[in-house]
Structure formats: structure tokens, C-alpha cells
>>> print(open('final_31.cif').read())   # mmCIF, C-alpha atoms
data_data
loop_
_atom_site.label_atom_id
_atom_site.label_comp_id
_atom_site.auth_asym_id
_atom_site.auth_seq_id
_atom_site.Cartn_x
_atom_site.Cartn_y
_atom_site.Cartn_z
CA MET L 1 -11.02 -17.10 47.43
CA GLY L 2 -10.58 -14.01 45.26
CA ARG L 3 -9.05 -14.15 41.83
CA ALA L 4 -5.56 -12.97 40.88
CA CYS L 5 -4.69 -10.52 38.14
CA ARG L 6 -3.87 -12.40 34.93
CA VAL L 7 -0.79 -10.20 34.39
CA CYS L 8 0.91 -9.79 37.75
CA ASP L 9 -0.85 -12.25 40.13
CA GLU L 10 -1.83 -9.42 42.50
CA PRO L 11 -5.41 -9.52 43.87
CA ALA L 12 -7.82 -8.69 41.05
CA THR L 13 -10.39 -5.91 41.26
CA ARG L 14 -12.06 -6.29 37.86
CA VAL L 15 -13.19 -9.13 35.62
CA VAL L 16 -13.49 -8.63 31.86
CA GLY L 17 -15.04 -11.71 30.29
CA THR L 18 -12.97 -14.58 31.66
CA TYR L 19 -9.95 -12.42 32.58
CA ALA L 20 -9.31 -10.77 35.94
CA TYR L 21 -7.23 -7.59 36.39
CA CYS L 22 -5.80 -5.50 39.18
CA ASP L 23 -6.35 -1.74 38.99
CA VAL L 24 -2.98 -1.12 37.31
CA HIS L 25 -3.41 -3.62 34.49
CA TYR L 26 -7.08 -2.82 34.04
CA ALA L 27 -6.02 0.80 33.42
CA ARG L 28 -3.37 -0.46 30.99
CA ALA L 29 -6.00 -2.39 29.03
CA THR L 30 -8.06 0.81 28.80
CA ARG L 31 -5.06 2.82 27.60
CA ARG L 32 -4.37 0.25 24.89
CA THR L 33 -7.90 0.80 23.60
CA ASP L 34 -7.14 4.52 23.40
CA ALA L 35 -3.90 3.77 21.54
CA VAL L 36 -5.77 1.84 18.86
CA TRP L 37 -8.12 4.69 17.99
CA ARG L 38 -5.28 7.23 18.02
CA VAL L 39 -3.26 5.21 15.53
CA ASP L 40 -6.32 4.73 13.33
CA LEU L 41 -7.15 8.44 13.21
CA ALA L 42 -3.50 9.39 12.69
CA SER L 43 -3.21 6.89 9.82
CA ILE L 44 -6.37 8.24 8.19
CA ALA L 45 -5.04 11.81 8.36
CA VAL L 46 -1.65 10.84 6.91
CA LEU L 47 -3.22 8.87 4.05
CA VAL L 48 -5.50 11.78 3.14
CA VAL L 49 -2.49 14.11 3.08
CA PHE L 50 -0.66 11.55 0.92
CA VAL L 51 -3.51 11.58 -1.58
CA LEU L 52 -3.54 15.37 -1.69
CA LEU L 53 0.21 15.54 -2.30
CA VAL L 54 0.13 12.93 -5.08
CA ALA L 55 -2.87 14.62 -6.72
CA ALA L 56 -1.10 18.00 -6.59
CA PHE L 57 2.06 16.48 -8.09
CA ASP L 58 0.04 14.78 -10.83
CA ALA L 59 -1.76 18.02 -11.70
CA ALA L 60 1.47 20.04 -11.78
CA VAL L 61 3.79 17.60 -13.55
CA GLN L 62 1.38 15.31 -15.42
CA PRO L 63 3.94 12.49 -15.67
CA GLU L 64 3.62 9.92 -18.44
CA LEU L 65 4.00 6.48 -16.90
CA THR L 66 4.40 3.44 -19.10
CA GLY L 67 5.81 -0.08 -19.00
CA THR L 68 8.05 -1.00 -16.11
CA THR L 69 7.94 2.49 -14.61
CA LEU L 70 4.15 2.36 -14.52
CA ALA L 71 4.14 -1.03 -12.79
CA LEU L 72 6.76 -0.03 -10.21
CA VAL L 73 5.06 3.27 -9.34
CA GLY L 74 1.69 1.55 -9.05
CA ILE L 75 3.01 -1.19 -6.77
CA VAL L 76 4.78 1.35 -4.55
CA LEU L 77 1.53 3.30 -4.26
CA ALA L 78 -0.30 0.09 -3.38
CA LEU L 79 2.17 -0.61 -0.56
CA VAL L 80 2.06 2.88 0.98
CA PRO L 81 -1.16 2.40 3.04
CA ALA L 82 0.21 -0.78 4.62
CA ALA L 83 3.50 0.94 5.45
CA VAL L 84 1.73 3.95 6.97
CA TRP L 85 -0.48 1.75 9.15
CA LEU L 86 2.46 -0.30 10.43
CA VAL L 87 4.63 2.75 11.17
CA PHE L 88 1.92 4.49 13.18
CA PHE L 89 0.92 1.28 14.90
CA TYR L 90 4.40 0.74 16.31
CA ARG L 91 4.70 4.35 17.41
CA ARG L 92 1.42 4.26 19.31
CA ASP L 93 1.01 0.74 20.71
CA ARG L 94 3.61 1.06 23.47
CA GLN L 95 1.70 -0.17 26.49
CA GLU L 96 1.82 -3.80 25.34
CA PRO L 97 3.01 -3.88 21.73
CA GLU L 98 2.24 -6.90 19.60
CA PRO L 99 5.23 -8.78 18.14
CA ARG L 100 6.11 -7.26 14.79
CA SER L 101 6.51 -10.65 13.18
CA MET L 102 2.95 -11.62 14.13
CA VAL L 103 1.33 -8.38 12.95
CA VAL L 104 3.25 -8.45 9.67
CA GLY L 105 2.60 -12.18 9.36
CA VAL L 106 -1.16 -11.68 9.58
CA ALA L 107 -1.01 -8.92 6.95
CA VAL L 108 1.16 -11.01 4.62
CA LEU L 109 -1.08 -14.08 5.01
CA ALA L 110 -4.16 -11.98 4.20
CA TRP L 111 -2.30 -10.60 1.17
CA LEU L 112 -1.50 -14.14 0.01
CA ILE L 113 -5.07 -15.34 0.61
CA GLY L 114 -6.36 -12.35 -1.32
CA THR L 115 -4.01 -13.00 -4.23
CA ALA L 116 -4.30 -16.80 -4.36
CA VAL L 117 -7.93 -17.32 -3.31
CA VAL L 118 -10.15 -14.23 -3.09
CA ILE L 119 -9.34 -12.56 -6.41
CA PRO L 120 -9.30 -15.79 -8.50
CA LEU L 121 -12.54 -16.91 -6.84
CA LEU L 122 -14.37 -13.63 -7.42
CA GLU L 123 -13.02 -12.80 -10.86
CA GLY L 124 -12.41 -16.30 -12.23
CA VAL L 125 -14.73 -18.91 -10.74
CA LEU L 126 -17.68 -16.63 -9.96
CA ASP L 127 -16.95 -14.05 -12.70
CA VAL L 128 -18.53 -11.37 -10.52
CA SER L 129 -17.75 -8.46 -12.83
CA SER L 130 -19.89 -9.95 -15.61
CA TRP L 131 -23.16 -9.98 -13.67
CA ILE L 132 -22.97 -7.89 -10.51
CA ALA L 133 -23.98 -4.61 -12.20
CA ALA L 134 -27.13 -6.07 -13.81
CA THR L 135 -29.51 -4.11 -11.54
CA PRO L 136 -29.11 -2.03 -8.37
CA LEU L 137 -30.63 -4.84 -6.29
CA VAL L 138 -28.31 -7.46 -7.78
CA TYR L 139 -25.38 -5.11 -7.22
CA PHE L 140 -26.23 -4.61 -3.55
CA LEU L 141 -26.95 -8.27 -2.79
CA GLY L 142 -23.91 -9.45 -4.74
CA SER L 143 -21.70 -6.91 -3.00
CA VAL L 144 -22.85 -8.09 0.45
CA LEU L 145 -23.52 -11.81 0.06
CA VAL L 146 -20.77 -12.67 -2.43
CA VAL L 147 -17.96 -10.10 -2.53
CA GLY L 148 -18.30 -8.85 1.04
CA ALA L 149 -18.81 -12.31 2.56
CA ILE L 150 -15.80 -13.82 0.77
CA GLU L 151 -13.49 -10.89 1.53
CA GLU L 152 -14.41 -10.68 5.21
CA PHE L 153 -14.24 -14.42 5.73
CA SER L 154 -10.72 -14.31 4.27
CA THR L 155 -9.61 -11.74 6.87
CA TYR L 156 -11.23 -13.82 9.61
CA ALA L 157 -9.37 -16.90 8.36
CA ALA L 158 -6.04 -15.03 8.29
CA VAL L 159 -6.36 -14.11 11.99
CA ARG L 160 -8.01 -17.33 13.12
CA ALA L 161 -5.38 -19.55 11.50
CA THR L 162 -2.40 -17.66 12.92
CA VAL L 163 -2.46 -15.52 16.05
CA TYR L 164 -5.86 -16.38 17.53
CA GLY L 165 -4.51 -19.28 19.59
CA SER L 166 -1.27 -17.50 20.49
CA ALA L 167 -0.41 -16.23 23.97
CA GLU L 168 0.27 -12.85 22.32
CA PHE L 169 -3.43 -12.51 21.54
CA ASP L 170 -4.03 -11.64 25.18
CA GLU L 171 -6.55 -8.79 25.20
CA PRO L 172 -9.93 -8.38 23.50
CA VAL L 173 -8.61 -5.25 21.75
CA ASP L 174 -6.00 -7.41 20.01
CA GLY L 175 -8.79 -8.68 17.80
CA ILE L 176 -9.16 -5.18 16.33
CA VAL L 177 -5.40 -4.81 15.91
CA TYR L 178 -4.91 -8.11 14.11
CA GLY L 179 -8.17 -7.77 12.19
CA SER L 180 -7.11 -4.38 10.87
CA ALA L 181 -3.74 -5.86 9.87
CA ALA L 182 -5.55 -8.55 7.89
CA GLY L 183 -7.72 -5.90 6.24
CA VAL L 184 -4.65 -3.93 5.20
CA GLY L 185 -3.12 -7.12 3.79
CA LEU L 186 -6.23 -7.90 1.74
CA ALA L 187 -6.38 -4.30 0.53
CA THR L 188 -2.78 -4.58 -0.65
CA ALA L 189 -3.65 -7.68 -2.70
CA LEU L 190 -6.64 -5.90 -4.26
CA ASN L 191 -4.60 -2.78 -4.99
CA VAL L 192 -1.69 -4.65 -6.58
CA ALA L 193 -4.16 -6.57 -8.77
CA PHE L 194 -5.79 -3.26 -9.75
CA VAL L 195 -2.43 -1.79 -10.75
CA ILE L 196 -1.41 -4.84 -12.78
CA ASP L 197 -4.78 -5.12 -14.54
CA SER L 198 -5.24 -1.41 -15.25
CA GLY L 199 -2.69 -1.17 -18.06
CA GLY L 200 -2.28 2.53 -17.35
CA LEU L 201 -2.69 4.82 -14.39
CA ASP L 202 -4.11 8.26 -13.83
CA LEU L 203 -1.77 8.89 -10.92
CA GLY L 204 -4.16 11.02 -8.86
CA ALA L 205 -7.26 8.86 -9.40
CA ALA L 206 -5.30 5.63 -8.86
CA THR L 207 -3.89 6.89 -5.56
CA ILE L 208 -7.37 7.82 -4.36
CA ARG L 209 -8.69 4.36 -5.24
CA ILE L 210 -5.76 2.65 -3.51
CA VAL L 211 -6.22 4.66 -0.30
CA VAL L 212 -10.00 4.19 -0.37
CA THR L 213 -9.55 0.42 -0.61
CA ALA L 214 -7.08 0.38 2.29
CA LEU L 215 -9.22 2.53 4.59
CA ALA L 216 -12.37 0.59 3.82
CA GLN L 217 -10.88 -2.91 4.16
CA ALA L 218 -9.10 -2.04 7.42
CA SER L 219 -12.40 -0.74 8.80
CA PHE L 220 -14.43 -3.79 7.78
CA ALA L 221 -11.83 -6.21 9.16
CA GLY L 222 -11.57 -4.15 12.35
CA VAL L 223 -15.28 -4.79 12.95
CA MET L 224 -14.74 -8.51 12.40
CA GLY L 225 -11.73 -8.34 14.76
CA TYR L 226 -13.84 -6.75 17.50
CA PHE L 227 -16.16 -9.75 17.44
CA LEU L 228 -13.19 -12.13 17.32
CA GLY L 229 -11.55 -10.47 20.33
CA ARG L 230 -14.74 -10.65 22.37
CA HIS L 231 -15.26 -14.25 21.25
CA LYS L 232 -11.88 -15.38 22.58
CA PHE L 233 -12.19 -13.89 26.05
CA GLU L 234 -15.91 -14.05 26.77
CA LEU L 235 -18.57 -16.73 26.63
CA ARG L 236 -20.48 -15.97 23.44
CA PRO L 237 -23.27 -17.87 21.62
CA ILE L 238 -22.52 -19.95 18.54
CA TRP L 239 -23.89 -17.26 16.25
CA TRP L 240 -21.52 -14.57 17.57
CA MET L 241 -18.75 -14.94 14.98
CA PRO L 242 -21.09 -15.48 12.00
CA LEU L 243 -22.79 -12.26 13.13
CA GLY L 244 -19.44 -10.43 13.23
CA VAL L 245 -18.38 -11.60 9.78
CA GLY L 246 -21.90 -10.86 8.50
CA ILE L 247 -21.88 -7.29 9.81
CA ALA L 248 -18.43 -6.73 8.26
CA ALA L 249 -19.74 -8.13 4.95
CA LEU L 250 -22.80 -5.87 5.16
CA LEU L 251 -20.58 -2.83 5.69
CA ASN L 252 -18.35 -3.97 2.83
CA GLY L 253 -21.20 -4.40 0.38
CA SER L 254 -23.05 -1.27 1.48
CA PHE L 255 -19.90 0.80 1.04
CA ALA L 256 -19.36 -0.55 -2.48
CA PHE L 257 -23.00 0.11 -3.36
CA LEU L 258 -22.93 3.67 -2.06
CA ARG L 259 -19.58 4.44 -3.69
CA ASP L 260 -20.32 2.96 -7.09
CA SER L 261 -24.09 3.08 -7.53
CA VAL L 262 -25.39 6.00 -5.51
CA ALA L 263 -22.49 8.22 -6.53
CA ALA L 264 -23.08 7.49 -10.20
CA ARG L 265 -26.87 7.76 -10.17
CA GLY L 266 -27.95 9.81 -7.21
CA LEU L 267 -25.73 12.89 -7.26
CA ASP L 268 -26.26 16.01 -9.29
CA PRO L 269 -24.12 15.62 -12.45
CA SER L 270 -22.32 18.91 -11.90
CA LEU L 271 -21.49 17.96 -8.32
CA LEU L 272 -20.34 14.49 -9.40
CA GLY L 273 -18.14 16.04 -12.05
CA THR L 274 -16.52 18.22 -9.42
CA LEU L 275 -16.02 15.46 -6.88
CA GLY L 276 -15.17 12.62 -9.27
CA PRO L 277 -13.13 9.95 -7.46
CA TRP L 278 -12.91 12.19 -4.36
CA PHE L 279 -16.42 11.08 -3.39
CA GLY L 280 -15.08 7.61 -2.62
CA LEU L 281 -12.29 9.06 -0.48
CA ILE L 282 -14.74 11.23 1.47
CA LEU L 283 -17.01 8.24 2.01
CA ALA L 284 -14.11 5.99 3.05
CA GLY L 285 -12.80 8.63 5.46
CA ILE L 286 -16.19 9.01 7.10
CA LEU L 287 -16.54 5.23 7.32
CA ALA L 288 -13.08 4.75 8.84
CA VAL L 289 -13.58 7.46 11.47
CA ALA L 290 -17.07 6.19 12.36
CA VAL L 291 -15.90 2.59 12.69
CA THR L 292 -12.84 3.60 14.74
CA LEU L 293 -14.88 5.67 17.19
CA GLY L 294 -17.66 3.07 17.33
CA LEU L 295 -15.31 0.18 18.10
CA THR L 296 -13.46 2.24 20.70
CA ALA L 297 -16.72 3.14 22.43
CA ALA L 298 -17.89 -0.49 22.35
CA MET L 299 -14.59 -1.78 23.74
CA ARG L 300 -14.42 0.84 26.47
CA ARG L 301 -18.05 0.18 27.37
CA GLY L 302 -17.16 -3.49 27.87
CA LEU L 303 -14.20 -2.54 30.04
CA GLY L 304 -16.27 0.01 31.90
CA HIS L 305 -18.85 -2.62 32.80
CA ALA L 306 -16.22 -5.04 34.04
CA ALA L 307 -17.57 -6.87 37.05
CA PRO L 308 -15.78 -6.41 40.38
CA THR L 309 -14.30 -9.58 41.80
CA GLU L 310 -15.00 -10.93 45.22
CA ALA L 311 -12.60 -9.81 47.90
CA PRO L 312 -9.55 -12.00 48.48
CA GLY L 313 -10.24 -14.57 51.15
CA SER L 314 -14.01 -14.23 50.92
CA PRO L 315 -16.02 -17.49 50.99
#
>>> encode(input="final_31.cif", output="C-alpha cells")
Amino acid sequence: MGRACRVCDEPATRVVGTYAYCDVHYARATRRTDAVWRVDLASIAVLVVFVLLVAAFDAAVQPELTGTTLALVGIVLALVPAAVWLVFFYRRDRQEPEPRSMVVGVAVLAWLIGTAVVIPLLEGVLDVSSWIAATPLVYFLGSVLVVGAIEEFSTYAAVRATVYGSAEFDEPVDGIVYGSAAGVGLATALNVAFVIDSGGLDLGAATIRIVVTALAQASFAGVMGYFLGRHKFELRPIWWMPLGVGIAALLNGSFAFLRDSVAARGLDPSLLGTLGPWFGLILAGILAVAVTLGLTAAMRRGLGHAAPTEAPGSP
């Protein structure tokens, strides 16, 4: 006998992984994939405009920030990327919106894990900053195998420990949504720590760094989330999730290496002087757009190759 649509119990016409859909709800799943890339691109554009506005204000006013004012301004700046992502997410994801409490909960848990585990582990126990810049090779391997692996595993843990087993995690694309939320949460932890530890902010440069961190971490965690979404709804080998976390860690470490090492050593000094911290923003923007389009294409390809079900009543 033919299978029924998992949403409405009508006869199914498509099977994606272990889920069957009728034409209507298969189309809805495809539209939700489109909604994810639209919100990502819209968020990237808004954050770039935000950086430009803050940089223009800093150049025109040159405010002197100290003490409590410095800390408050820095923390507000660190929270802006998370707020932008959430606002655009809820405006775009209307076909089957995720519960706000669960999306925010994943982001907050990733923030807490970042603050209580990731940062103390990297900066305290492993003392990464004291040895990672020893040589370019050490920098690259440390960025991928230590920093990248720990950060991406933390975003995986934030999703896996909360919404993964929930009935609300009901489409493969939800892995990207919740993964990105975890990435934004981790980025917020890293940005708040940066503000607190800096002791003083160049407003324009600090805003660029904060936005770069948010764009990059959301992209890396989105890749991990793609693998997690496929893992929940399709039969995948045991190495599938380690591969997903590993690819996210590789992107994480490669990005850090390109931003910090190649920018400092490989660019013409006059060009580097002109670009300054903007190079990281350009690189993060390219990364975020490439990851968004790549994940969308991969998800739509999976939906496009959905197998037709057998006709209802067939033997």
C-alpha cells in the first residue's frame, strides 16, 4: 500500500529520506529552503550596512569611550548580529516557523557553552594564544584541529542536546536553521569576551570584528546543521556527523588562517594599509554568501531527487 504524507495523511507522491510528502507539502518544504537563503542574504546585507554606518559615525564623531560606557557600547554591538538574524528569521520563515523559544534557546545555550566551556578551554586550559602563532603550519593546524574542532563541536552539542529530538525539528532544513542559531550564540559569547578583554575599543574596527565573527560562525554552524538535518531524516553512515563537524572545523580554521595570516603576510603593504580590518569583513561576506548558496543548492538537490512513492493500493 502507498505511503501517506507525513503532514496531512493524504497519499504521498515524494519520499525525502524517511519522510513522505504529498505535492502540496513537498512544495512547502522547497519554499522553506528558499526562505532560509533569503533570510541569510538579507541578514548579511543589513550587517554590512550596519558596519558602514558605525564606521562613518566613528570617523565623523570620534567618540571617546571609557569605563562603563565603553563596556555597555561594546556589549550592545556584540548583541546586534544576533538580534538582526532573529528579526529577519521571523519575518521570512512563515511557511512553517520554528518556535521562538526553541530558536532562542539554542542560541542562548550555545552562548553559555561558549562562555563557560569553549573560551576557558581554549584560553585557559590549552592556552592557545601562547603557541598558535609559532609558525604558519602550526597556526593552520591549530586553527582547524583545536580551535575549529572545539568551536564546531560546541554548536553541534547545543543543537543535539536540545531540539534534535523534538517534534519541531521536522524537516532536514531545520538543521541549518538551528545550526545557524547556535553559531550566532557562540559568536555572541566570543564577541562579548572580546569586548570585555579589549580594555578599549576602536569603534569602527571593533564593529567590523564583531560582525565578521557573527557571519563566520553562523556559516560554519550552518554547514554542521546541514549534516545534522540530513542525519536525522535519512539513513547515513556512522562517519556522517564526524564528517560534518570536521568540514565545519576545516572552514573555521581555514577562514582564521586566511584572515589573520595571509592578510598580514601575503598582501601588498599599501593595499593592506588601505583595507585594514575591512579585509576580514570582505572575506566573511564572501564566505557567508558562498555557504548560504551552497547549502541551499545541496538541500534543493536532495529535495529534487526525492524518490516517487508507489501508487496507493499497489502491491
>>> closest_residue(input="final_31.cif", among="L:Tyr156, L:Phe169, L:Trp239, L:Phe279", to="L:Phe220", atoms="all atoms listed in the file")
L:Tyr156
>>> residues_around(input="final_31.cif", residues="L:Ala193", least_positions_apart="4", cutoff="9 Å", atoms="all atoms listed in the file", output="number ranges by chain")
L: 115, 119, 188-189, 197-198
>>> atom_distance(input="final_31.cif", atom1="atom CA of L:Pro81", atom2="atom CA of L:Phe50")
9.4 Å
>>> residues_around(input="final_31.cif", residues="L:Thr213", least_positions_apart="5", cutoff="8 Å", atoms="only C-alpha atoms", output="PDB file with C-alpha atoms, in the frame of the given file")
ATOM      1  CA  ALA L 187      -6.380  -4.300   0.530  1.00  0.00           C
ATOM      2  CA  LEU L 190      -6.640  -5.900  -4.260  1.00  0.00           C
ATOM      3  CA  ASN L 191      -4.600  -2.780  -4.990  1.00  0.00           C
TER       4      ASN L 191
END
>>> closest_residue(input="final_31.cif", among="L:Thr68, L:Asn252, L:Ser219, L:Ser43", to="L:Val87", atoms="only C-alpha atoms")
L:Ser43
>>> residues_around(input="final_31.cif", residues="L:Ile113", least_positions_apart="4", cutoff="8 Å", atoms="all atoms listed in the file", output="mmCIF file with C-alpha atoms, in the frame of the given file")
data_model
loop_
_atom_site.group_PDB
_atom_site.id
_atom_site.type_symbol
_atom_site.label_atom_id
_atom_site.label_comp_id
_atom_site.auth_asym_id
_atom_site.auth_seq_id
_atom_site.Cartn_x
_atom_site.Cartn_y
_atom_site.Cartn_z
ATOM 1 C CA LEU L 109 -1.080 -14.080 5.010
ATOM 2 C CA VAL L 117 -7.930 -17.320 -3.310
ATOM 3 C CA VAL L 118 -10.150 -14.230 -3.090
ATOM 4 C CA SER L 154 -10.720 -14.310 4.270
ATOM 5 C CA ALA L 158 -6.040 -15.030 8.290
ATOM 6 C CA LEU L 186 -6.230 -7.900 1.740
#
>>> residues_around(input="final_31.cif", residues="L:Ala221", least_positions_apart="5", cutoff="6 Å", atoms="only C-alpha atoms", output="VMD selection string")
chain L and resid 179 to 180 183
>>> atom_distance(input="final_31.cif", atom1="atom CA of L:Ala59", atom2="atom CA of L:Ile196")
22.9 Å
>>> resolve_selection(input="final_31.cif", expression="the PyMOL selection byres ((chain L and resi 104) around 10)", output="mmCIF file with C-alpha atoms, in the coordinates of the input")
data_model
loop_
_atom_site.group_PDB
_atom_site.id
_atom_site.type_symbol
_atom_site.label_atom_id
_atom_site.label_comp_id
_atom_site.auth_asym_id
_atom_site.auth_seq_id
_atom_site.Cartn_x
_atom_site.Cartn_y
_atom_site.Cartn_z
ATOM 1 C CA ALA L 82 0.210 -0.780 4.620
ATOM 2 C CA LEU L 86 2.460 -0.300 10.430
ATOM 3 C CA PRO L 99 5.230 -8.780 18.140
ATOM 4 C CA ARG L 100 6.110 -7.260 14.790
ATOM 5 C CA SER L 101 6.510 -10.650 13.180
ATOM 6 C CA MET L 102 2.950 -11.620 14.130
ATOM 7 C CA VAL L 103 1.330 -8.380 12.950
ATOM 8 C CA GLY L 105 2.600 -12.180 9.360
ATOM 9 C CA VAL L 106 -1.160 -11.680 9.580
ATOM 10 C CA ALA L 107 -1.010 -8.920 6.950
ATOM 11 C CA VAL L 108 1.160 -11.010 4.620
ATOM 12 C CA LEU L 109 -1.080 -14.080 5.010
ATOM 13 C CA ALA L 110 -4.160 -11.980 4.200
ATOM 14 C CA TYR L 178 -4.910 -8.110 14.110
ATOM 15 C CA ALA L 181 -3.740 -5.860 9.870
ATOM 16 C CA ALA L 182 -5.550 -8.550 7.890
ATOM 17 C CA GLY L 185 -3.120 -7.120 3.790
#
>>> residues_around(input="final_31.cif", residues="L:Val211", least_positions_apart="4", cutoff="7 Å", atoms="all atoms listed in the file", output="PyMOL selection string")
chain L and resi 47+81+207+215
>>> write_last_selection(input="final_31.cif", atoms="C-alpha atoms", output="PDB file, in the coordinates of the input")
ATOM      1  CA  LEU L  47      -3.220   8.870   4.050  1.00  0.00           C
ATOM      2  CA  PRO L  81      -1.160   2.400   3.040  1.00  0.00           C
ATOM      3  CA  THR L 207      -3.890   6.890  -5.560  1.00  0.00           C
ATOM      4  CA  LEU L 215      -9.220   2.530   4.590  1.00  0.00           C
TER       5      LEU L 215
END
>>> closest_residue(input="final_31.cif", among="L:Leu141, L:Val54, L:Leu228, L:Cys5", to="L:Leu203", atoms="all atoms listed in the file")
L:Val54
>>> atom_distance(input="final_31.cif", atom1="atom CA of L:Ile176", atom2="atom CA of L:Ala218")
9.4 Å
>>> closest_residue(input="final_31.cif", among="L:Gly204, L:Val195, L:Arg236, L:Trp131", to="L:Leu53", atoms="all atoms listed in the file")
L:Gly204
>>> residues_near_point(input="final_31.cif", point="(-19.3, -2.7, -7.8)", cutoff="7 Å", atoms="all atoms listed in the file", output="list in words")
Ile132, Ala133, Tyr139, Ser143, Ala256, Phe257 and Asp260 of chain L
>>> resolve_selection(input="final_31.cif", expression="the PyMOL selection byres ((chain L and resi 244) around 8)", output="VMD selection string")
chain L and resid 223 to 224 226 to 228 240 to 243 245 to 248
>>> closest_residue(input="final_31.cif", among="L:Asp170, L:Ala284, L:Val291, L:Glu234", to="L:Val15", atoms="only C-alpha atoms")
L:Glu234
>>> closest_residue(input="final_31.cif", among="L:Gly222, L:Phe233, L:Glu151, L:Leu250", to="L:Thr296", atoms="all atoms listed in the file")
L:Gly222
